[in-house]
file structure-v7.txt (compact mmCIF, N, CA, C and O atoms)
# COMPACT_ATOMS: atom_id res chain seq x y z
N MET A 210 103.10 -160.21 -110.12
CA MET A 210 104.05 -159.25 -109.60
C MET A 210 105.36 -159.97 -109.35
O MET A 210 105.38 -161.05 -108.77
N ILE A 211 106.45 -159.34 -109.74
CA ILE A 211 107.77 -159.94 -109.59
C ILE A 211 108.34 -159.69 -108.19
O ILE A 211 108.93 -160.56 -107.58
N ALA A 212 108.16 -158.47 -107.65
CA ALA A 212 108.67 -158.13 -106.32
C ALA A 212 107.90 -158.91 -105.26
O ALA A 212 106.76 -159.31 -105.46
N ALA A 213 108.54 -159.11 -104.11
CA ALA A 213 107.89 -159.80 -103.00
C ALA A 213 106.86 -158.87 -102.35
O ALA A 213 107.20 -157.78 -101.90
N ALA A 214 105.63 -159.31 -102.30
CA ALA A 214 104.55 -158.49 -101.74
C ALA A 214 104.73 -158.34 -100.23
O ALA A 214 105.08 -159.30 -99.54
N THR A 215 104.48 -157.13 -99.72
CA THR A 215 104.57 -156.88 -98.29
C THR A 215 103.24 -156.43 -97.69
O THR A 215 103.08 -156.43 -96.49
N THR A 216 102.28 -156.04 -98.54
CA THR A 216 101.01 -155.50 -98.04
C THR A 216 99.99 -155.44 -99.16
O THR A 216 100.28 -155.82 -100.29
N THR A 217 98.83 -154.94 -98.83
CA THR A 217 97.85 -154.57 -99.85
C THR A 217 97.58 -153.09 -99.69
O THR A 217 97.71 -152.54 -98.60
N ILE A 218 97.22 -152.43 -100.80
CA ILE A 218 97.00 -150.99 -100.77
C ILE A 218 95.64 -150.64 -101.35
O ILE A 218 95.04 -151.42 -102.09
N ALA A 219 95.19 -149.45 -101.01
CA ALA A 219 94.00 -148.85 -101.61
C ALA A 219 94.47 -147.60 -102.34
O ALA A 219 95.28 -146.83 -101.82
N VAL A 220 93.99 -147.39 -103.56
CA VAL A 220 94.31 -146.20 -104.33
C VAL A 220 93.22 -145.17 -104.06
O VAL A 220 92.03 -145.44 -104.27
N LEU A 221 93.62 -143.99 -103.56
CA LEU A 221 92.69 -142.91 -103.25
C LEU A 221 92.84 -141.83 -104.30
O LEU A 221 93.94 -141.43 -104.63
N ARG A 222 91.72 -141.35 -104.81
CA ARG A 222 91.76 -140.36 -105.88
C ARG A 222 90.57 -139.42 -105.72
O ARG A 222 89.52 -139.83 -105.27
N GLY A 223 90.76 -138.19 -106.11
CA GLY A 223 89.64 -137.25 -106.13
C GLY A 223 89.85 -136.08 -105.18
O GLY A 223 90.65 -136.15 -104.24
N THR A 224 89.13 -135.01 -105.46
CA THR A 224 89.19 -133.81 -104.62
C THR A 224 87.78 -133.28 -104.40
O THR A 224 86.85 -133.63 -105.12
N SER A 225 87.64 -132.44 -103.39
CA SER A 225 86.39 -131.75 -103.13
C SER A 225 86.73 -130.34 -102.66
O SER A 225 87.89 -129.98 -102.53
N THR A 226 85.72 -129.54 -102.40
CA THR A 226 85.92 -128.17 -101.94
C THR A 226 85.38 -128.06 -100.53
O THR A 226 84.26 -128.49 -100.24
N ASN A 227 86.18 -127.44 -99.62
CA ASN A 227 85.72 -127.29 -98.25
C ASN A 227 84.87 -126.03 -98.10
O ASN A 227 84.60 -125.33 -99.08
N ALA A 228 84.47 -125.71 -96.88
CA ALA A 228 83.57 -124.59 -96.62
C ALA A 228 84.18 -123.24 -97.02
O ALA A 228 83.44 -122.28 -97.27
N TRP A 229 85.50 -123.14 -97.09
CA TRP A 229 86.16 -121.88 -97.45
C TRP A 229 86.52 -121.81 -98.93
O TRP A 229 87.18 -120.90 -99.37
N GLY A 230 86.13 -122.82 -99.70
CA GLY A 230 86.41 -122.82 -101.12
C GLY A 230 87.75 -123.40 -101.51
O GLY A 230 88.14 -123.35 -102.67
N ASP A 231 88.47 -123.97 -100.54
CA ASP A 231 89.77 -124.58 -100.82
C ASP A 231 89.58 -126.01 -101.31
O ASP A 231 88.71 -126.74 -100.82
N GLU A 232 90.42 -126.41 -102.26
CA GLU A 232 90.38 -127.78 -102.76
C GLU A 232 91.07 -128.70 -101.78
O GLU A 232 92.18 -128.42 -101.32
N THR A 233 90.41 -129.79 -101.41
CA THR A 233 90.99 -130.76 -100.48
C THR A 233 90.92 -132.15 -101.10
O THR A 233 90.04 -132.44 -101.91
N ASP A 234 91.85 -133.01 -100.71
CA ASP A 234 91.84 -134.39 -101.18
C ASP A 234 90.73 -135.16 -100.49
O ASP A 234 90.42 -134.92 -99.32
N THR A 235 90.11 -136.07 -101.22
CA THR A 235 89.12 -136.95 -100.62
C THR A 235 89.77 -138.30 -100.37
O THR A 235 90.77 -138.65 -100.99
N ASP A 236 89.22 -139.04 -99.46
CA ASP A 236 89.72 -140.38 -99.18
C ASP A 236 88.85 -141.43 -99.86
O ASP A 236 88.58 -142.49 -99.31
N THR A 237 88.42 -141.12 -101.08
CA THR A 237 87.58 -142.04 -101.84
C THR A 237 88.45 -143.10 -102.50
O THR A 237 89.26 -142.79 -103.36
N PRO A 238 88.29 -144.37 -102.10
CA PRO A 238 89.09 -145.41 -102.73
C PRO A 238 88.52 -145.76 -104.11
O PRO A 238 87.32 -145.97 -104.25
N VAL A 239 89.38 -145.77 -105.12
CA VAL A 239 88.95 -146.19 -106.45
C VAL A 239 89.32 -147.65 -106.70
O VAL A 239 88.70 -148.30 -107.53
N HIS A 240 90.32 -148.15 -105.98
CA HIS A 240 90.71 -149.56 -106.02
C HIS A 240 91.15 -149.96 -104.62
O HIS A 240 91.79 -149.17 -103.93
N THR A 241 90.83 -151.17 -104.20
CA THR A 241 91.28 -151.67 -102.90
C THR A 241 91.82 -153.07 -103.06
O THR A 241 91.55 -153.75 -104.05
N GLY A 242 92.60 -153.51 -102.08
CA GLY A 242 93.12 -154.87 -102.07
C GLY A 242 94.18 -155.15 -103.12
O GLY A 242 94.40 -156.30 -103.48
N ILE A 243 94.88 -154.12 -103.58
CA ILE A 243 95.94 -154.32 -104.58
C ILE A 243 97.19 -154.82 -103.87
O ILE A 243 97.69 -154.20 -102.93
N VAL A 244 97.70 -155.94 -104.32
CA VAL A 244 98.92 -156.52 -103.75
C VAL A 244 100.10 -155.64 -104.15
O VAL A 244 100.24 -155.27 -105.31
N ALA A 245 100.94 -155.28 -103.15
CA ALA A 245 102.04 -154.36 -103.42
C ALA A 245 103.23 -154.66 -102.52
O ALA A 245 103.10 -155.32 -101.50
N SER A 246 104.36 -154.13 -102.94
CA SER A 246 105.57 -154.15 -102.13
C SER A 246 105.88 -152.70 -101.77
O SER A 246 106.04 -151.87 -102.65
N LEU A 247 105.89 -152.39 -100.47
CA LEU A 247 106.24 -151.04 -100.00
C LEU A 247 107.48 -151.15 -99.12
O LEU A 247 107.50 -151.92 -98.17
N VAL A 248 108.50 -150.37 -99.47
CA VAL A 248 109.74 -150.38 -98.71
C VAL A 248 110.13 -148.95 -98.40
O VAL A 248 110.28 -148.13 -99.31
N GLU A 249 110.26 -148.63 -97.10
CA GLU A 249 110.75 -147.32 -96.69
C GLU A 249 112.25 -147.41 -96.51
O GLU A 249 112.76 -148.37 -95.94
N GLN A 250 112.95 -146.39 -97.02
CA GLN A 250 114.41 -146.38 -96.95
C GLN A 250 114.89 -145.02 -96.46
O GLN A 250 114.14 -144.06 -96.45
N THR A 251 116.15 -144.98 -96.07
CA THR A 251 116.76 -143.71 -95.67
C THR A 251 118.03 -143.50 -96.48
O THR A 251 118.64 -144.45 -96.96
N ARG A 252 118.39 -142.25 -96.61
CA ARG A 252 119.61 -141.90 -97.34
C ARG A 252 120.24 -140.71 -96.62
O ARG A 252 119.56 -139.77 -96.23
N ARG A 253 121.56 -140.74 -96.51
CA ARG A 253 122.29 -139.61 -95.93
C ARG A 253 122.59 -138.63 -97.06
O ARG A 253 123.15 -138.98 -98.08
N VAL A 254 122.21 -137.37 -96.86
CA VAL A 254 122.32 -136.35 -97.90
C VAL A 254 123.11 -135.17 -97.39
O VAL A 254 122.91 -134.72 -96.26
N THR A 255 124.01 -134.66 -98.22
CA THR A 255 124.70 -133.40 -97.96
C THR A 255 124.65 -132.57 -99.23
O THR A 255 124.46 -133.10 -100.32
N THR A 256 124.80 -131.28 -99.07
CA THR A 256 124.86 -130.40 -100.24
C THR A 256 126.14 -129.58 -100.16
O THR A 256 126.77 -129.48 -99.10
N ARG A 257 126.50 -128.98 -101.24
CA ARG A 257 127.69 -128.13 -101.27
C ARG A 257 127.51 -126.93 -100.33
O ARG A 257 128.45 -126.52 -99.65
N ASP A 258 126.31 -126.39 -100.28
CA ASP A 258 126.05 -125.23 -99.42
C ASP A 258 126.00 -125.60 -97.94
O ASP A 258 126.33 -124.78 -97.09
N ASP A 259 125.53 -126.80 -97.64
CA ASP A 259 125.39 -127.22 -96.25
C ASP A 259 125.98 -128.63 -96.11
O ASP A 259 125.30 -129.62 -96.37
N PRO A 260 127.24 -128.74 -95.70
CA PRO A 260 127.89 -130.05 -95.62
C PRO A 260 127.42 -130.91 -94.44
O PRO A 260 127.84 -132.04 -94.31
N THR A 261 126.55 -130.38 -93.60
CA THR A 261 126.03 -131.16 -92.48
C THR A 261 125.14 -132.29 -93.03
O THR A 261 124.19 -132.04 -93.76
N PRO A 262 125.44 -133.53 -92.69
CA PRO A 262 124.63 -134.63 -93.22
C PRO A 262 123.23 -134.64 -92.62
O PRO A 262 123.04 -134.36 -91.44
N ARG A 263 122.26 -134.90 -93.48
CA ARG A 263 120.87 -135.04 -93.06
C ARG A 263 120.38 -136.40 -93.50
O ARG A 263 120.81 -136.92 -94.51
N ILE A 264 119.47 -136.95 -92.75
CA ILE A 264 118.87 -138.24 -93.10
C ILE A 264 117.52 -137.95 -93.76
O ILE A 264 116.67 -137.30 -93.17
N VAL A 265 117.35 -138.43 -94.98
CA VAL A 265 116.11 -138.25 -95.73
C VAL A 265 115.44 -139.60 -95.85
O VAL A 265 116.06 -140.59 -96.23
N ARG A 266 114.14 -139.65 -95.51
CA ARG A 266 113.37 -140.89 -95.63
C ARG A 266 112.52 -140.82 -96.89
O ARG A 266 111.96 -139.78 -97.21
N TYR A 267 112.43 -141.93 -97.57
CA TYR A 267 111.58 -142.02 -98.75
C TYR A 267 111.05 -143.44 -98.87
O TYR A 267 111.53 -144.35 -98.19
N ALA A 268 110.07 -143.63 -99.71
CA ALA A 268 109.47 -144.96 -99.88
C ALA A 268 109.39 -145.29 -101.37
O ALA A 268 109.23 -144.41 -102.21
N VAL A 269 109.52 -146.55 -101.65
CA VAL A 269 109.39 -147.07 -103.02
C VAL A 269 108.36 -148.18 -102.98
O VAL A 269 108.38 -149.04 -102.09
N GLY A 270 107.44 -148.15 -103.93
CA GLY A 270 106.43 -149.19 -104.03
C GLY A 270 106.53 -149.89 -105.37
O GLY A 270 107.03 -149.33 -106.34
N ARG A 271 106.07 -151.12 -105.41
CA ARG A 271 105.99 -151.86 -106.67
C ARG A 271 104.64 -152.56 -106.71
O ARG A 271 104.21 -153.16 -105.73
N VAL A 272 103.99 -152.45 -107.88
CA VAL A 272 102.72 -153.11 -108.11
C VAL A 272 102.77 -153.80 -109.48
O VAL A 272 103.64 -153.51 -110.30
N THR A 273 101.84 -154.67 -109.73
CA THR A 273 101.79 -155.41 -110.99
C THR A 273 101.63 -154.46 -112.16
O THR A 273 100.91 -153.46 -112.08
N ALA A 274 102.30 -154.77 -113.26
CA ALA A 274 102.18 -153.98 -114.48
C ALA A 274 100.71 -153.85 -114.87
O ALA A 274 99.94 -154.80 -114.73
N GLY A 275 100.32 -152.66 -115.31
CA GLY A 275 98.95 -152.42 -115.73
C GLY A 275 98.03 -151.96 -114.62
O GLY A 275 96.86 -151.67 -114.87
N THR A 276 98.53 -151.87 -113.40
CA THR A 276 97.71 -151.38 -112.28
C THR A 276 97.39 -149.91 -112.50
O THR A 276 98.24 -149.13 -112.90
N ASP A 277 96.15 -149.51 -112.23
CA ASP A 277 95.69 -148.14 -112.44
C ASP A 277 96.17 -147.25 -111.29
O ASP A 277 95.44 -147.00 -110.33
N VAL A 278 97.42 -146.78 -111.38
CA VAL A 278 98.00 -145.85 -110.42
C VAL A 278 98.68 -144.75 -111.23
O VAL A 278 99.42 -145.02 -112.16
N THR A 279 98.40 -143.49 -110.88
CA THR A 279 98.97 -142.36 -111.61
C THR A 279 99.64 -141.39 -110.64
O THR A 279 99.43 -141.46 -109.43
N ASP A 280 100.43 -140.48 -111.21
CA ASP A 280 101.06 -139.43 -110.39
C ASP A 280 99.99 -138.67 -109.63
O ASP A 280 98.90 -138.42 -110.15
N GLN A 281 100.30 -138.31 -108.40
CA GLN A 281 99.45 -137.54 -107.50
C GLN A 281 98.29 -138.33 -106.91
O GLN A 281 97.49 -137.77 -106.16
N ASP A 282 98.17 -139.63 -107.22
CA ASP A 282 97.24 -140.48 -106.47
C ASP A 282 97.78 -140.61 -105.06
O ASP A 282 98.95 -140.36 -104.79
N ARG A 283 96.93 -141.01 -104.16
CA ARG A 283 97.36 -141.32 -102.80
C ARG A 283 97.13 -142.81 -102.58
O ARG A 283 96.17 -143.38 -103.08
N LEU A 284 98.05 -143.44 -101.85
CA LEU A 284 97.95 -144.85 -101.53
C LEU A 284 97.82 -145.01 -100.03
O LEU A 284 98.55 -144.38 -99.27
N ARG A 285 96.89 -145.84 -99.60
CA ARG A 285 96.78 -146.17 -98.18
C ARG A 285 97.22 -147.62 -98.00
O ARG A 285 96.68 -148.53 -98.63
N ASP A 286 98.23 -147.80 -97.17
CA ASP A 286 98.69 -149.14 -96.82
C ASP A 286 97.61 -149.76 -95.94
O ASP A 286 97.34 -149.29 -94.84
N GLU A 287 96.96 -150.81 -96.43
CA GLU A 287 95.85 -151.40 -95.69
C GLU A 287 96.31 -152.19 -94.47
O GLU A 287 95.52 -152.49 -93.59
N LYS A 288 97.60 -152.46 -94.39
CA LYS A 288 98.15 -153.18 -93.24
C LYS A 288 98.46 -152.22 -92.09
O LYS A 288 98.15 -152.50 -90.94
N THR A 289 99.08 -151.07 -92.40
CA THR A 289 99.51 -150.14 -91.35
C THR A 289 98.65 -148.88 -91.26
O THR A 289 98.71 -148.16 -90.27
N GLY A 290 97.90 -148.56 -92.32
CA GLY A 290 97.10 -147.33 -92.34
C GLY A 290 97.87 -146.11 -92.81
O GLY A 290 97.32 -145.02 -92.89
N ALA A 291 99.16 -146.27 -93.12
CA ALA A 291 99.98 -145.13 -93.59
C ALA A 291 99.50 -144.70 -94.98
O ALA A 291 99.06 -145.51 -95.79
N THR A 292 99.59 -143.38 -95.23
CA THR A 292 99.18 -142.83 -96.52
C THR A 292 100.38 -142.22 -97.21
O THR A 292 101.20 -141.55 -96.59
N TYR A 293 100.47 -142.46 -98.53
CA TYR A 293 101.58 -141.98 -99.34
C TYR A 293 101.03 -141.23 -100.55
O TYR A 293 99.96 -141.58 -101.06
N ILE A 294 101.78 -140.26 -101.04
CA ILE A 294 101.47 -139.57 -102.29
C ILE A 294 102.39 -140.15 -103.35
O ILE A 294 103.60 -140.30 -103.13
N VAL A 295 101.83 -140.48 -104.51
CA VAL A 295 102.62 -141.01 -105.62
C VAL A 295 103.27 -139.83 -106.34
O VAL A 295 102.58 -138.99 -106.90
N GLU A 296 104.59 -139.75 -106.29
CA GLU A 296 105.32 -138.67 -106.96
C GLU A 296 105.71 -139.02 -108.38
O GLU A 296 105.84 -138.14 -109.22
N ALA A 297 105.92 -140.30 -108.67
CA ALA A 297 106.29 -140.73 -110.02
C ALA A 297 105.95 -142.20 -110.20
O ALA A 297 106.02 -142.98 -109.25
N VAL A 298 105.58 -142.55 -111.41
CA VAL A 298 105.31 -143.94 -111.79
C VAL A 298 106.21 -144.27 -112.97
O VAL A 298 106.26 -143.52 -113.94
N SER A 299 106.95 -145.37 -112.87
CA SER A 299 107.83 -145.75 -113.97
C SER A 299 107.86 -147.26 -114.10
O SER A 299 107.46 -147.99 -113.19
N SER A 300 108.35 -147.72 -115.25
CA SER A 300 108.44 -149.15 -115.51
C SER A 300 109.63 -149.42 -116.40
O SER A 300 109.93 -148.63 -117.30
N MET A 301 110.29 -150.51 -116.16
CA MET A 301 111.39 -150.93 -117.03
C MET A 301 110.80 -151.82 -118.12
O MET A 301 109.92 -152.63 -117.85
N ASN A 302 111.26 -151.63 -119.33
CA ASN A 302 110.81 -152.48 -120.43
C ASN A 302 111.55 -153.80 -120.39
O ASN A 302 112.75 -153.85 -120.14
N SER A 303 110.81 -154.86 -120.64
CA SER A 303 111.41 -156.19 -120.66
C SER A 303 110.72 -157.01 -121.73
O SER A 303 109.49 -157.04 -121.82
N ALA A 304 111.50 -157.70 -122.54
CA ALA A 304 110.94 -158.55 -123.57
C ALA A 304 110.45 -159.87 -122.99
O ALA A 304 109.60 -160.55 -123.58
N ALA A 305 110.96 -160.26 -121.82
CA ALA A 305 110.64 -161.56 -121.25
C ALA A 305 109.37 -161.55 -120.39
O ALA A 305 108.55 -162.45 -120.47
N VAL A 306 109.20 -160.51 -119.56
CA VAL A 306 108.06 -160.46 -118.64
C VAL A 306 107.51 -159.03 -118.58
O VAL A 306 108.19 -158.08 -118.93
N ALA A 307 106.30 -158.91 -118.10
CA ALA A 307 105.73 -157.58 -117.86
C ALA A 307 106.31 -157.08 -116.54
O ALA A 307 106.00 -157.61 -115.47
N ALA A 308 107.17 -156.09 -116.60
CA ALA A 308 107.86 -155.58 -115.41
C ALA A 308 106.88 -154.85 -114.50
O ALA A 308 105.92 -154.23 -114.95
N ASP A 309 107.15 -154.93 -113.19
CA ASP A 309 106.34 -154.22 -112.20
C ASP A 309 106.42 -152.72 -112.44
O ASP A 309 107.40 -152.21 -112.97
N LEU A 310 105.39 -152.02 -111.98
CA LEU A 310 105.44 -150.56 -111.95
C LEU A 310 106.18 -150.14 -110.69
O LEU A 310 105.90 -150.65 -109.60
N ARG A 311 107.09 -149.20 -110.83
CA ARG A 311 107.82 -148.64 -109.68
C ARG A 311 107.13 -147.33 -109.30
O ARG A 311 106.89 -146.48 -110.15
N LEU A 312 106.82 -147.17 -108.01
CA LEU A 312 106.16 -145.98 -107.51
C LEU A 312 107.09 -145.26 -106.55
O LEU A 312 107.51 -145.82 -105.54
N ASP A 313 107.44 -144.01 -106.88
CA ASP A 313 108.21 -143.18 -105.95
C ASP A 313 107.18 -142.50 -105.06
O ASP A 313 106.30 -141.78 -105.54
N LEU A 314 107.32 -142.71 -103.75
CA LEU A 314 106.29 -142.29 -102.81
C LEU A 314 106.83 -141.32 -101.77
O LEU A 314 108.02 -141.35 -101.44
N ARG A 315 105.94 -140.49 -101.26
CA ARG A 315 106.25 -139.60 -100.14
C ARG A 315 105.17 -139.82 -99.09
O ARG A 315 103.98 -139.72 -99.39
N ARG A 316 105.58 -140.13 -97.89
CA ARG A 316 104.62 -140.39 -96.82
C ARG A 316 103.98 -139.09 -96.35
O ARG A 316 104.64 -138.07 -96.20
N THR A 317 102.68 -139.11 -96.12
CA THR A 317 101.97 -137.94 -95.61
C THR A 317 101.46 -138.23 -94.21
O THR A 317 101.41 -139.37 -93.77
N THR A 318 101.06 -137.17 -93.52
CA THR A 318 100.53 -137.36 -92.18
C THR A 318 99.06 -137.13 -92.14
O THR A 318 98.47 -136.60 -93.02
call {"tool": "encode", "arguments": {"input": "structure-v7.txt", "output": "structure tokens"}}
result
Amino acid sequence: MIAAATTTIAVLRGTSTNAWGDETDTDTPVHTGIVASLVEQTRRVTTRDDPTPRIVRYAVGRVTAGTDVTDQDRLRDEKTGATYIVEAVSSMNSAAVAADLRLDLRRTT
């Protein structure tokens, strides 16, 4: 991994059905102990319709190229216990090295 590691993560995947027939996420780990870089950031946002500035929080993760992480997986930070939903997975092409995977994350409660 090229980015500086800040934690290890577990990849959670899968769904089940509750007593009312609703689909719910399971906390079944498919991979654990994956070295990762997780950085939470903030951005000041305004829109044309609402010029009042709002602070939006988001997180970006980086893992080693080839790591089995896909959109809509959930990640649990094994250091803090925080859970994130993977909104997008991307990678920059490089002829010199295998670039890290970039994970756009949204923190869940």
call {"tool": "closest_residue", "arguments": {"input": "structure-v7.txt", "among": "A:Arg285, A:Arg315, A:Arg271, A:Arg263", "to": "Ser246 (chain A)", "atoms": "only N, CA, C and O atoms"}}
result
A:Arg271
call {"tool": "atom_distance", "arguments": {"input": "structure-v7.txt", "atom1": "CA of Tyr293 (chain A)", "atom2": "CA of Ala308 (chain A)"}}
result
22.0 Å
call {"tool": "closest_residue", "arguments": {"input": "structure-v7.txt", "among": "A:Thr317, A:Thr226, A:Gln250, A:Ala304", "to": "Gly290 (chain A)", "atoms": "only C-alpha atoms"}}
result
A:Thr317
call {"tool": "closest_residue", "arguments": {"input": "structure-v7.txt", "among": "A:Asp280, A:Asp313, A:Glu287, A:Asp231", "to": "Ile243 (chain A)", "atoms": "all atoms listed in the file"}}
result
A:Glu287
call {"tool": "residues_near_point", "arguments": {"input": "structure-v7.txt", "point": "(123.0, -139.7, -97.6)", "cutoff": "8 Å", "atoms": "all atoms listed in the file", "output": "list in words"}}
result
Thr251, Arg252, Arg253, Val254, Thr255, Pro262, Arg263, Ile264 and Val265 of chain A
call {"tool": "axis_aligned_box", "arguments": {"input": "structure-v7.txt", "around": "region 266-279 of chain A", "padding_each_side": "8 Å", "output": "AutoDock Vina command-line options"}}
result
--center_x 104.8 --center_y -147.5 --center_z -105.6 --size_x 34.7 --size_y 31.8 --size_z 36.2
call {"tool": "residues_near_point", "arguments": {"input": "structure-v7.txt", "point": "(92.9, -153.6, -102.1)", "cutoff": "6 Å", "atoms": "all atoms listed in the file", "output": "JSON, numbers by chain"}}
result
{"A": [217, 218, 219, 240, 241, 242, 243, 244]}
call {"tool": "residues_around", "arguments": {"input": "structure-v7.txt", "residues": "region 275-279 of chain A", "least_positions_apart": "5", "cutoff": "9 Å", "atoms": "only C-alpha atoms", "output": "mmCIF file with N, CA, C and O atoms, in the frame of the given file"}}
result
data_model
loop_
_atom_site.group_PDB
_atom_site.id
_atom_site.type_symbol
_atom_site.label_atom_id
_atom_site.label_comp_id
_atom_site.auth_asym_id
_atom_site.auth_seq_id
_atom_site.Cartn_x
_atom_site.Cartn_y
_atom_site.Cartn_z
ATOM 1 N N VAL A 220 93.990 -147.390 -103.560
ATOM 2 C CA VAL A 220 94.310 -146.200 -104.330
ATOM 3 C C VAL A 220 93.220 -145.170 -104.060
ATOM 4 O O VAL A 220 92.030 -145.440 -104.270
ATOM 5 N N HIS A 240 90.320 -148.150 -105.980
ATOM 6 C CA HIS A 240 90.710 -149.560 -106.020
ATOM 7 C C HIS A 240 91.150 -149.960 -104.620
ATOM 8 O O HIS A 240 91.790 -149.170 -103.930
ATOM 9 N N ILE A 243 94.880 -154.120 -103.580
ATOM 10 C CA ILE A 243 95.940 -154.320 -104.580
ATOM 11 C C ILE A 243 97.190 -154.820 -103.870
ATOM 12 O O ILE A 243 97.690 -154.200 -102.930
ATOM 13 N N LEU A 284 98.050 -143.440 -101.850
ATOM 14 C CA LEU A 284 97.950 -144.850 -101.530
ATOM 15 C C LEU A 284 97.820 -145.010 -100.030
ATOM 16 O O LEU A 284 98.550 -144.380 -99.270
ATOM 17 N N VAL A 295 101.830 -140.480 -104.510
ATOM 18 C CA VAL A 295 102.620 -141.010 -105.620
ATOM 19 C C VAL A 295 103.270 -139.830 -106.340
ATOM 20 O O VAL A 295 102.580 -138.990 -106.900
ATOM 21 N N GLU A 296 104.590 -139.750 -106.290
ATOM 22 C CA GLU A 296 105.320 -138.670 -106.960
ATOM 23 C C GLU A 296 105.710 -139.020 -108.380
ATOM 24 O O GLU A 296 105.840 -138.140 -109.220
ATOM 25 N N ALA A 297 105.920 -140.300 -108.670
ATOM 26 C CA ALA A 297 106.290 -140.730 -110.020
ATOM 27 C C ALA A 297 105.950 -142.200 -110.200
ATOM 28 O O ALA A 297 106.020 -142.980 -109.250
ATOM 29 N N VAL A 298 105.580 -142.550 -111.410
ATOM 30 C CA VAL A 298 105.310 -143.940 -111.790
ATOM 31 C C VAL A 298 106.210 -144.270 -112.970
ATOM 32 O O VAL A 298 106.260 -143.520 -113.940
ATOM 33 N N ALA A 307 106.300 -158.910 -118.100
ATOM 34 C CA ALA A 307 105.730 -157.580 -117.860
ATOM 35 C C ALA A 307 106.310 -157.080 -116.540
ATOM 36 O O ALA A 307 106.000 -157.610 -115.470
ATOM 37 N N ASP A 309 107.150 -154.930 -113.190
ATOM 38 C CA ASP A 309 106.340 -154.220 -112.200
ATOM 39 C C ASP A 309 106.420 -152.720 -112.440
ATOM 40 O O ASP A 309 107.400 -152.210 -112.970
ATOM 41 N N LEU A 310 105.390 -152.020 -111.980
ATOM 42 C CA LEU A 310 105.440 -150.560 -111.950
ATOM 43 C C LEU A 310 106.180 -150.140 -110.690
ATOM 44 O O LEU A 310 105.900 -150.650 -109.600
ATOM 45 N N LEU A 312 106.820 -147.170 -108.010
ATOM 46 C CA LEU A 312 106.160 -145.980 -107.510
ATOM 47 C C LEU A 312 107.090 -145.260 -106.550
ATOM 48 O O LEU A 312 107.510 -145.820 -105.540
#
call {"tool": "atom_distance", "arguments": {"input": "structure-v7.txt", "atom1": "atom C of Val248 (chain A)", "atom2": "atom N of Leu314 (chain A)"}}
result
8.7 Å
call {"tool": "select_by_dssp", "arguments": {"input": "structure-v7.txt", "residues": "chain A", "states": "strand (DSSP E)", "output": "ChimeraX atom specification"}}
result
/A:216-221,224-226,232-234,238-254,263-272,283-286,292-300,310-317
call {"tool": "atom_distance", "arguments": {"input": "structure-v7.txt", "atom1": "CA of Val306 (chain A)", "atom2": "CA of Ala245 (chain A)"}}
result
17.5 Å
call {"tool": "closest_residue", "arguments": {"input": "structure-v7.txt", "among": "A:Thr256, A:Arg311, A:Arg283, A:Arg266", "to": "Leu221 (chain A)", "atoms": "all atoms listed in the file"}}
result
A:Arg283
call {"tool": "closest_residue", "arguments": {"input": "structure-v7.txt", "among": "A:Gly270, A:Thr215, A:Arg222, A:Gln281", "to": "Asp236 (chain A)", "atoms": "only C-alpha atoms"}}
result
A:Arg222
call {"tool": "closest_residue", "arguments": {"input": "structure-v7.txt", "among": "A:Ala212, A:Met301, A:Asp282, A:Asp258", "to": "Thr224 (chain A)", "atoms": "only C-alpha atoms"}}
result
A:Asp282
